[in-house]
Structures are given as C-alpha cells and as structure tokens.
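See structure below.
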Amino acid sequence: MKISKKKLLQRLGHNFSRGSITDAVNRRIDDALLAAQKLIKPVHIIRADKIISNTGDAVLLSSGYEIHSTHISSLLKNCHTAYGFAVTIAKALEEKRDVCHTENDTVNALIFDAIGSVAVEEYAHTVQQQIKQIASAHHQRITRRFSPGYGDWHLENQKSFLDWLEAEKIHIHVSSAHIMFPEKSISAILGVTDGNKN
Amino acid sequence: MKNNRFLKTLTKKILVSDGAMGTLLQQRGLKTGQAPEELNITAPHIVESVHADYVNAGSDVVLTNTFGATRSKLSDYHLAHKIDAINFEAVKIARNAVKKTRGFVACDIGPLGSYLKPLGPLSWDAAYDLFAEQARILSTANPDLFIIETMSDIREVKAALRAAKDCFDGPVFVQMTFTEDGTTVTGTDPLSFITVAEAMGADGIGINCSVGPKNLYPLVKILAQHTHLPISVKPNRGMPQLINRETIYPGTIQEFVTYAQKFARLGVNLIGGCCGTDPSFITAIAQKLNKQKPKIRKKKINITRFCSRTKTLTITHKSPLIKIGERINPTGRNILQKELADFNFTTVRNDAVAQVSAGAHMLDVNMGLPGGNEQKLMKKALDIVQSSVQVPMCIDSNSPEVLETALKLCEGKPLVNSVTGETHKLNAILPLIKRYGAGIIGLTIDEKGIPSTAAKRMQIAQKILHSALKNGINREDIFIDNLSLTASSEADQAQETLTSIKLVRSKLKLNTILGISNISFGLPNRSALNSTFLNLARSKGLTSAIMNPLVPWGKNDKYALAVFNLHDTNCTRYINKYAGITSTAASKKTATITDIKSIHQKLYSAVLYGVQESIYALIDSALLDHIEPREITNGILLPALEEVGEKFVRKQYFLPQVLMCADTIQKAFLYIQSKFPQQITESKGTILLATVKGDIHDIGKNIVKTVFENHGWQVVDLGKNVDAQKIIDTAIEIQPEIIGLSALMTTTMIHMEDVIKLKNLEHIPSKIIVGGAAVTARFADSIQADGYAPDAVQAVRLANQLIHP
C-alpha cells in the first residue's frame, strides 16, 4: 500500500506553513518510506450482525454480543446492522522500529513508528470504504466509525470486541492492559441504516 | 540423491499435492489459540485423517503438519521443548497416510515469523540455526522431500535452503508467496527468486498461497520460461475475506481445474492447493490431470544471472558490456579512507547512488581500509548500499572470513571479486561461493605471479574453471579476469591481456571481466587510455568491466592506440600529447557546510542542520584553530542545540530534525570526550526514565531519553512496562534529580499515580515529571506530579527549571 508522504510529515509534526525540512531529514524519510513499503502487510477482518435491541445505553446484537455504552447506542440509533472490523499492518514494521531503537537510531525508529501509524489509519479508512460500498449497493448508508477507548466505550471492552470479531485469525492479540498487538492495529464499529434515516 | 524416487516420478507424470491443512484441522477439533502442530502429538489421528482424505482425493504428495514447527514459532505456544516429537511424529503420521498408495511425504517448512536483518531482527546465523534444527529432526524420520513454503523474504529463503540442504540428502523445493503486483511483500520479483533459489541449490521452485490461480498464472509463466528446475504451484482460493466468522474465498473448483490444466501446459510438475482449498479441489484437479505427462521445458544454457532483492541482471553473449562500478573502494581515496575510519558512510552511499544513476549494472564493494576492521566495515557498507540501490552486489575482498560474512548479508545473488589460481585460495574461497550461491571472478595469477604470456594465463583460467566445476559452481557463474597491467611500464602486456580474453571467451566459453583503470595508472588523460583499452577488450569478447561509470567513456584515441599497439615506446608521444591533462569526474557542486567561512559558524551550523558527516573534521579544525574544548562545547555546540529547541517550539523544526541535530551533538560530545577524557563536562543531573506498568509504547520515552542525553543529562532508562515498585527501588539507589514517567494510554497512565504515592511514602526528594499521548497538564496536577511536558524538548526545559528554579 502507498503511504502518503504528506500525511507522514503531518504525523511527524511538520508544520507546512512555518517549517522547512533539511535535506538530511528528507532523505531519511524517503529511505524509511521505501524500506517500510516492504514491511507493511495489511490484513483485516469484518463482522456484521443484526441489531436486536438498542436501549439507549446498551446495544444487543444478533450473535448475543452486547455493548454497554451510551455513545455506541447513540451511534447505532436507527441502524439495523452493526459492522465491526479490525485491521493491522502486521508486526514486521514494528520489529524494524525496535531494531532501530536497539541500535540507538532514534530518528529512524520515530519515522518507522509514524509510518506504521499512518499506514494502519489509511488501511482502516480503506476497509471502512469497502463497507460503505457494500451498504451503497443496497441503498444503505453507514455511520462514522467508533473504537473502544473512546467516550464511555471503555478500553476494557477491547478484548470482548476483538473476540466477537475473531481478530485472532489475523493475529491481533490484546494485552492485560487492553493494548492491541501488533501495536499498529485499529478496531472499530459502525452502523448501517436504510436510506436517509441517518 | 541419485535415483531419487520422487524426482524420477516427477519426470513421468504431473504429481498432485494436497490442499489446506489448518482449516481442516479446525473443523476436526483444533481449538482457537492452539498450535496446529501440537495435534501431531496430542491427536495424531486427526492429522492423519486430513492426510488420508487428501490421499483418497488423489494427492500423490502430502505435506507434513510442520508449517510452524520451528523453535521460534513453537515458542509462541510454549511448545518449544516438544520440537523433536512434533516434527518427528508429523513425518510418521504422513507416512502412514500414504503407505497404501506409495505416495510421497514432503516435510513442510514455513517462515520463522520474523524477517532477517535489515528488514527484521534476525541475523542470518539465528535464522539458519532455527531452520537447521527443524530440518535435522525431520530428516531423521526419512521423508521423501522438503518443501519450504510461503516465504516472502528472499534472505529467509536463502537461510532456509542452506539449512535444508545441509541437513537433508533429498530434494528440497522452495516456494514464495506473491502479491497482486507480482512481487513478494518485500519486493522480490519471480526472476530474482529463481536466480537465488537456483544459486542456492534448490531442487524445485514454486509459488504457493498468494492471490489465487488466475493471478498467479503470469508469475508461473515466468518460472516456466526461466528455470529448468521442476516447478510446484499451490495457489490459495484468492484473497480471503473474513466476514461473520467465515473465511470467504472467491475461487471456485472450476477455476482451479481450468488453471491446473493451464499450469500443466506451462510445464508445471507439482500442483495442489493452499488456503481455502479442501479434498474436493484435489479430487477435481487429480481427475483432470489424470497421470498426465509433464511438458518438458528446455534447459537454457549460457545465461548468467545475478540479482539484488528486487532486480535481476541477465547476461548473455548478446548483452552489452556489463559495467561494475568501482568507486566504493578506499584504495587511493583519501576522503573515503578518512570517512571510513570514522565509520561514516556518506560517500559510500552517495557513490552507490551516483554510479547506478550513471549506468552501473552492479556495484563493487571493497572495504579494505588499511588498519580498519574490514568485516565490520563490509557489513555496514553492504547494509547502506543494498538499501540505497537495486543492483546486485560484487563483493570485493581477499579474506574468506570477510567474504563469508558478506555473502550471508547479500540479499540476492552476488558476484565475488575474487579468487586467484593459487591452490590454497581456490580451496578456501570456492566452497563459500557454492555454499552461498554466488558467482566468482578468477584472476589469472597463481603462486608464481602473473604470467607474461596469454597461453599461461589461459592455463590458470583452466585451473580455476576445473576447480570451480569440481566445487559444483556453474560454468555461467565463472568470470575470468585476465588482468590489465599498467601501460606506462608494461605496454607489451596489454596485447597479452587482449589475446587471453579472446582465448578464454572462445575456448573456455567463460565470461570475462577486466579492471580497466589499472591500465592508465601514472599517465595523463587517463580516460583516453581507459576508453581505448576497453574498446579493444570489448572487440575481443570482454563481457564485463570494473570501471568508473561517472567518467566519460569515449571512442578510441589514436595516441592511446599507438601505446597498445606498441608503436609508442615508453608512451613518449602519448605523454607529450596529453601532459598536464587530468581526467575530470563529473562533480556536482552542492552547497555544503564547508561554504561557510569561520570554523565557529561551521560547527554551529553542523549542529543546527544536523550534518553528522562533517562533525569530526570540524571539531579537529576547531581544535587546530586553538579553540578550547570547553569553548567548543559550551560556546558553540550547546547554543546551537538551544536554537534547535527554539526552532522546534516555533514549529520551524519537527521532531525528526531535532533528533538529527541531537545525534550530531551526541557524536560531537563523544568525540571531544575521547580526545580530552579529563575534560568530561559536568552532568546537569540524573533523570530516571520509565514507561509505566502495562504500557508497552516506548517511542516517546526513547525520544525523551535521546534529547536529555544530548542536553548533558545522565539518563537511566528502565524501559517499558515497568512496575512502580521497581521505579522507586531504583530511585532510592541512584537518587536522580528527576523521575520521568511516560504512558500512551488512558488505561495505563493511572499507574503514574502509583509511582508518585510510593515516592511520597518513601520520602524520595526527586521531582516527577510526566508525559505521553494521553497525559495532560490537568491529569499531571490531579496526581500531584511536579510537572508535565508535552514533548521531549519541553521536558528538558522543565527539568532544568525544576532543579535550577
């Protein structure tokens, strides 16, 4: 997948109006982008369930999975189906970053880390677009996406959400502190509604 | 391996292998999170039932359930201690399943799960050892063949093949997996894969998994066109989509059958399926192929190939001259020598890029720096060059140890420069060439030196050829260098060189090579002599030249011709004509730090712009100008770093630039310290850093560490996921002025409070500062931290303020 250099520079904190980039840094970034392309292996998993009930503070899905969150309830209001997805770019890029750390190459470690963040965000967007296309084909619309750790859908829900998605199939695991491995992974839920209701 | 039953059968009919294993095991009882390979010892009947179903469906070859049975992969499931039983039993189970049909058992070896350096953390030796351990166990159970599969890193292919060939006396097939763009995820194209696999001694080459049979077809076609080795294909059912717990594959049985026939028409020898396929696919393929004879693919001769990870260089008798860039060599290059002595590879990198831009097909890399550590330099140089350009490498060293290290590091198939005709050298170097799959340059020189006649040089070339063939090296991979000697002192030898090129080419049918620049040593207008001699050599059949592609290579010069035709004794007319003319390499003027006038300004700018390459030379110049070391540090370097910090705060610089500057000043400090150990600058204080418990994100903390170090702080870094008690115990021991805590997540930053409570309990006087993505000033206040910093630069400022209010 192609990584936008502009987005990468933004991620690294470059200020396009005030800042300038020295040749040395520019070259490092170009080299890292080239190397990272070889290490990014995006995979994803999608799950769709009918919404059985939405009480305003909890949503029950057809598989029995229940989310207790007013934010999710609000997100999925008027929706008949919930789509969950998880994406990851796999662990090779993180390993490369860690090798850089070990070798005290903090500059490249920082750049590789930022590339990973940009890449996984781009891929999550791609998957979201895929779901949007599926919905559009049935004259349906999708909501924005929402991830565990935001609002009152606490990060503690990450594991049960990933279990529901069966994200182990794409080798995403969760630590006891609810952090996903590989680190460059995103999980999210969104709703599908008919026509113009949302 | 003579009369191998599998290889013999492969010549008589297209063999059918099996389909997916993992999904069938899941259907039959493999639990989520359980290693499929564990079933070999806990439920062998399940594994055997899968094999049996494939055999009944028509599989001639079944792959053992050992895809993830290397120690590294088994460790993920805490099964490393059972590696022997898991692998050995797997072969026995498969053998039971094929007993009735006399089918074949192929040991399945999958990737290690981590890439080799520089893409990942594994060294060649570590990867080799892991593969060799599995291969040794598997081979003791008497399988029929090995299939290394689903590889995506070409260096891993090399390590796996080497290990398998070392441990198993039978056929070893290797399969890579490709993406939709026709390359592996690490950028290797099918031709480079063929080049490496053939060079490493694979007995069969193939593709598996990937993107379904339809998308694999053009790639398999490339294999069929370019290798004479047996080909195996095991496609998956296209890119899987995981929806509602179901893995949905787009491919159909009909598509598989259609493409099985198409693969057969290309000359594929072994066909099966991968992810998403099951016995019904194999039944359909087996019925369609029904003992069909394989199409015979002709062996192509006289084709030489070298490659990098991503690109192959093909040499045939019709190829234009192959140019091997000679610039990455410290001999006679003072600037490069000085840089390499400082372990600075700026020129190496620039030369690599410039030579390839100027048309070099391959790059010679020589790190023979007098007094230098050649092995260490070669490792770093290859790392730099291979990451900067895509052409194959030509490793240039006399030392077998350096060559072996370099051969392990080469991502593709390299050429080695060189071996002489001396028996002990042939014995030391040729086995390495075979072992690591390279080509070799043989110099026509032996124990008696360089012969003065073409005939004698030819004899040495024959000796090298004979010895190389005996070591199993292909004729196409042997290059003979007939040696160009200096025309100013030995003009008559030029004719002998030209004659021997013709002899080697016409009689031995070997590739020839010449280091051109030697010919003009000590004479003016070297490019006229070099170009003329190259043209003459080319007319005699020269295949390739080690040369400087950055200088113009022109037509014949009549004065140079007279030198080589022995019409200009002692080069008198040539020297009279060209005295005072030197060849000029095209040099691009770039604005550099050296344009700035005072040394004070130069040093200041070097830090401000993060120009690391010149920092040592600038410090030397400053010292020569009698600037005191303390003045360099306090009057130049630190103020420059202050300005870097200002630029960051004003958003003129972003973090990578700050870190480049930080690296530069760090180098400067260490250099000054090494020269004046007594002038060790006083530490500003000690900071104890840690990412708190539960949090494994340490990029931010590591950046903070770098910036603190470069601002003169002593840093003790406890790493990530650190328990509060450990932080406090260390603080009691080292008594830091500052404790810096980092956390990325809202769920982990709460542990910062634990550290503060413990600190207060123990009455530790250190100040605690906190930071990290989710941390805010308000949160810092709420847990009674002494300060909060949003970034590394401001963390240093905060720390300075806290200890010097």
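We name chains A, B, ... following the order of the structure tokens; residues begin at 1 in each chain, and ligands are numbered from 1 as shown.
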Compile the residues of chain B that lie within 8 Å of chain A, evaluated using only C-alpha atoms, and express the compilation as a PyMOL selection string. chain B and resi 33+114-115+118-121+185-187+241-245+387-388+609-611+651-657+659-660+694-695+699+702-703+706+747-748
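Taking the backbone of this structure through DSSP, the residues of stretch 111-178 of chain A that come out as strand (DSSP E) are Gln140, Arg141, Ile142, His173 and Val174 of chain A.
Those residues that approach B:Asn215 to within 12 Å, counting only C-alpha atoms, are Thr177, Phe178, Thr179, Glu180, Asp181, Gly182, Thr183, Ile207, Asn208, Cys209, Ser210, Val211, Gly212, Pro213, Tyr217, Pro218, Leu219, Val220, Lys221, Pro235, Asn236, Arg237, Gly238, Met239, Gly251, Glu255, Phe256 and Tyr259 of chain B; same-chain residues fewer than 2 positions away are not listed.
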DSSP alpha helix (DSSP H) residues within stretch 11-89 of chain A, listed as a list in words: Arg11, Asp23, Ala24, Val25, Asn26, Arg27, Arg28, Ile29, Asp30, Asp31, Ala32, Leu33, Leu34, Ala35, Ala36, Gln37, Thr70, His71, Ile72, Ser73, Ser74 and Leu75 of chain A
When you look at stretch 717-729 of chain B with a cut-off of 8 Å (counting only C-alpha atoms), what residues show up, excluding the ones that are within fewer than 4 positions of it in the same chain? I need them as a ChimeraX atom specification. /B:688-698,705,733,751-752,754-755,758-759
Resulting file, chosen residues, all heavy atoms, as a CSV table (one decimal), in the first residue's frame:
```csv
chain,number,residue,atom,x,y,z
B,688,LEU,N,15.7,9.5,35.8
B,688,LEU,CA,15.3,8.1,35.7
B,688,LEU,C,14.1,8.1,34.9
B,688,LEU,O,13.1,8.7,35.2
B,688,LEU,CB,15.0,7.6,37.2
B,688,LEU,CG,14.5,6.2,37.3
B,688,LEU,CD1,15.5,5.2,36.8
B,688,LEU,CD2,14.1,5.9,38.7
B,689,LEU,N,14.1,7.3,33.8
B,689,LEU,CA,13.0,7.3,32.9
B,689,LEU,C,12.4,5.9,32.9
B,689,LEU,O,13.0,4.9,33.0
B,689,LEU,CB,13.5,7.6,31.4
B,689,LEU,CG,13.8,9.0,31.1
B,689,LEU,CD1,14.3,9.1,29.6
B,689,LEU,CD2,12.5,9.9,31.2
B,690,ALA,N,11.1,5.9,32.7
B,690,ALA,CA,10.3,4.6,32.5
B,690,ALA,C,9.0,4.8,31.9
B,690,ALA,O,8.4,5.9,32.1
B,690,ALA,CB,10.1,4.0,33.9
B,691,THR,N,8.6,3.8,31.1
B,691,THR,CA,7.2,3.8,30.7
B,691,THR,C,6.4,2.9,31.7
B,691,THR,O,6.9,1.8,32.1
B,691,THR,CB,7.0,3.2,29.3
B,691,THR,OG1,7.8,4.0,28.4
B,691,THR,CG2,5.6,3.1,28.8
B,692,VAL,N,5.3,3.4,32.3
B,692,VAL,CA,4.7,2.8,33.4
B,692,VAL,C,4.1,1.4,33.1
B,692,VAL,O,3.9,1.0,32.0
B,692,VAL,CB,3.7,3.7,34.1
B,692,VAL,CG1,4.3,4.9,34.7
B,692,VAL,CG2,2.6,4.0,33.1
B,693,LYS,N,3.8,0.7,34.2
B,693,LYS,CA,3.3,-0.7,34.1
B,693,LYS,C,2.1,-0.8,33.1
B,693,LYS,O,1.2,0.0,33.1
B,693,LYS,CB,2.9,-1.2,35.5
B,693,LYS,CG,2.5,-2.6,35.5
B,693,LYS,CD,2.3,-3.1,37.0
B,693,LYS,CE,1.8,-4.5,37.0
B,693,LYS,NZ,2.6,-5.5,36.3
B,694,GLY,N,2.1,-1.9,32.4
B,694,GLY,CA,1.0,-2.1,31.5
B,694,GLY,C,1.2,-1.5,30.1
B,694,GLY,O,0.5,-1.9,29.1
B,695,ASP,N,2.1,-0.6,30.0
B,695,ASP,CA,2.2,0.2,28.7
B,695,ASP,C,3.5,-0.3,28.0
B,695,ASP,O,4.6,-0.2,28.6
B,695,ASP,CB,2.3,1.7,29.0
B,695,ASP,CG,1.8,2.4,27.8
B,695,ASP,OD1,2.1,2.1,26.7
B,695,ASP,OD2,1.1,3.4,28.0
B,696,ILE,N,3.3,-0.7,26.8
B,696,ILE,CA,4.5,-1.2,26.0
B,696,ILE,C,5.0,-0.2,25.0
B,696,ILE,O,5.8,-0.5,24.2
B,696,ILE,CB,4.2,-2.5,25.4
B,696,ILE,CG1,2.8,-2.6,24.7
B,696,ILE,CG2,4.3,-3.7,26.4
B,696,ILE,CD1,2.7,-1.9,23.5
B,697,HIS,N,4.4,1.0,25.0
B,697,HIS,CA,4.8,2.0,24.0
B,697,HIS,C,5.9,2.8,24.5
B,697,HIS,O,5.8,3.5,25.5
B,697,HIS,CB,3.6,3.0,23.7
B,697,HIS,CG,2.4,2.2,23.2
B,697,HIS,ND1,1.4,1.8,24.0
B,697,HIS,CD2,2.1,1.9,21.9
B,697,HIS,CE1,0.5,1.2,23.3
B,697,HIS,NE2,0.9,1.2,22.0
B,698,ASP,N,7.1,2.7,23.9
B,698,ASP,CA,8.2,3.5,24.4
B,698,ASP,C,8.9,4.4,23.4
B,698,ASP,O,9.9,4.9,23.7
B,698,ASP,CB,9.2,2.5,25.0
B,698,ASP,CG,9.8,1.6,24.0
B,698,ASP,OD1,9.4,1.5,22.9
B,698,ASP,OD2,10.8,0.9,24.4
B,705,LYS,N,14.6,10.3,26.1
B,705,LYS,CA,16.0,9.9,26.5
B,705,LYS,C,17.1,10.5,25.7
B,705,LYS,O,18.0,11.1,26.2
B,705,LYS,CB,16.0,8.3,26.4
B,705,LYS,CG,17.4,7.8,26.8
B,705,LYS,CD,17.4,6.3,26.5
B,705,LYS,CE,18.8,5.7,26.7
B,705,LYS,NZ,19.0,4.4,26.2
B,733,GLU,N,18.1,3.9,45.0
B,733,GLU,CA,19.5,3.5,44.8
B,733,GLU,C,20.3,4.6,44.1
B,733,GLU,O,21.4,4.9,44.5
B,733,GLU,CB,19.5,2.3,43.9
B,733,GLU,CG,20.9,1.6,43.7
B,733,GLU,CD,20.8,0.5,42.7
B,733,GLU,OE1,19.7,-0.1,42.5
B,733,GLU,OE2,21.8,0.3,42.0
B,751,HIS,N,-1.2,4.4,36.4
B,751,HIS,CA,-0.2,3.9,37.2
B,751,HIS,C,0.9,4.9,37.5
B,751,HIS,O,1.8,4.7,38.4
B,751,HIS,CB,0.5,2.7,36.4
B,751,HIS,CG,-0.5,1.5,36.3
B,751,HIS,ND1,-1.0,0.9,37.3
B,751,HIS,CD2,-0.9,0.9,35.2
B,751,HIS,CE1,-1.8,-0.1,36.9
B,751,HIS,NE2,-1.8,0.0,35.6
B,752,MET,N,0.9,6.1,36.9
B,752,MET,CA,1.8,7.1,37.2
B,752,MET,C,1.5,7.6,38.7
B,752,MET,O,2.4,7.9,39.4
B,752,MET,CB,1.6,8.3,36.3
B,752,MET,CG,2.1,8.1,34.9
B,752,MET,SD,1.7,9.5,33.8
B,752,MET,CE,2.8,9.1,32.5
B,754,ASP,N,0.5,5.7,41.1
B,754,ASP,CA,1.1,4.7,42.0
B,754,ASP,C,2.5,5.1,42.3
B,754,ASP,O,3.0,4.9,43.5
B,754,ASP,CB,1.1,3.3,41.4
B,754,ASP,CG,-0.3,2.9,41.0
B,754,ASP,OD1,-1.3,3.4,41.5
B,754,ASP,OD2,-0.4,1.9,40.1
B,755,VAL,N,3.3,5.5,41.3
B,755,VAL,CA,4.7,5.8,41.5
B,755,VAL,C,4.8,7.0,42.4
B,755,VAL,O,5.6,7.1,43.3
B,755,VAL,CB,5.4,6.1,40.1
B,755,VAL,CG1,6.8,6.4,40.3
B,755,VAL,CG2,5.2,4.9,39.1
B,758,LEU,N,4.1,6.1,46.0
B,758,LEU,CA,5.2,5.3,46.6
B,758,LEU,C,6.4,6.3,46.9
B,758,LEU,O,7.0,6.1,47.9
B,758,LEU,CB,5.6,4.2,45.6
B,758,LEU,CG,4.9,2.9,45.7
B,758,LEU,CD1,5.4,2.0,44.6
B,758,LEU,CD2,5.1,2.3,47.1
B,759,LYS,N,6.6,7.2,46.0
B,759,LYS,CA,7.7,8.1,46.1
B,759,LYS,C,7.5,9.0,47.4
B,759,LYS,O,8.4,9.2,48.2
B,759,LYS,CB,7.8,9.1,44.9
B,759,LYS,CG,9.0,10.0,44.9
B,759,LYS,CD,8.8,11.2,44.1
B,759,LYS,CE,8.2,12.3,44.9
B,759,LYS,NZ,8.5,13.7,44.6
```
Name the residues in contact with B:Asn417 at a cut-off of 10 Å, using only C-alpha atoms, excluding same-chain residues fewer than 5 positions from it; report them as a count of residues only. 16
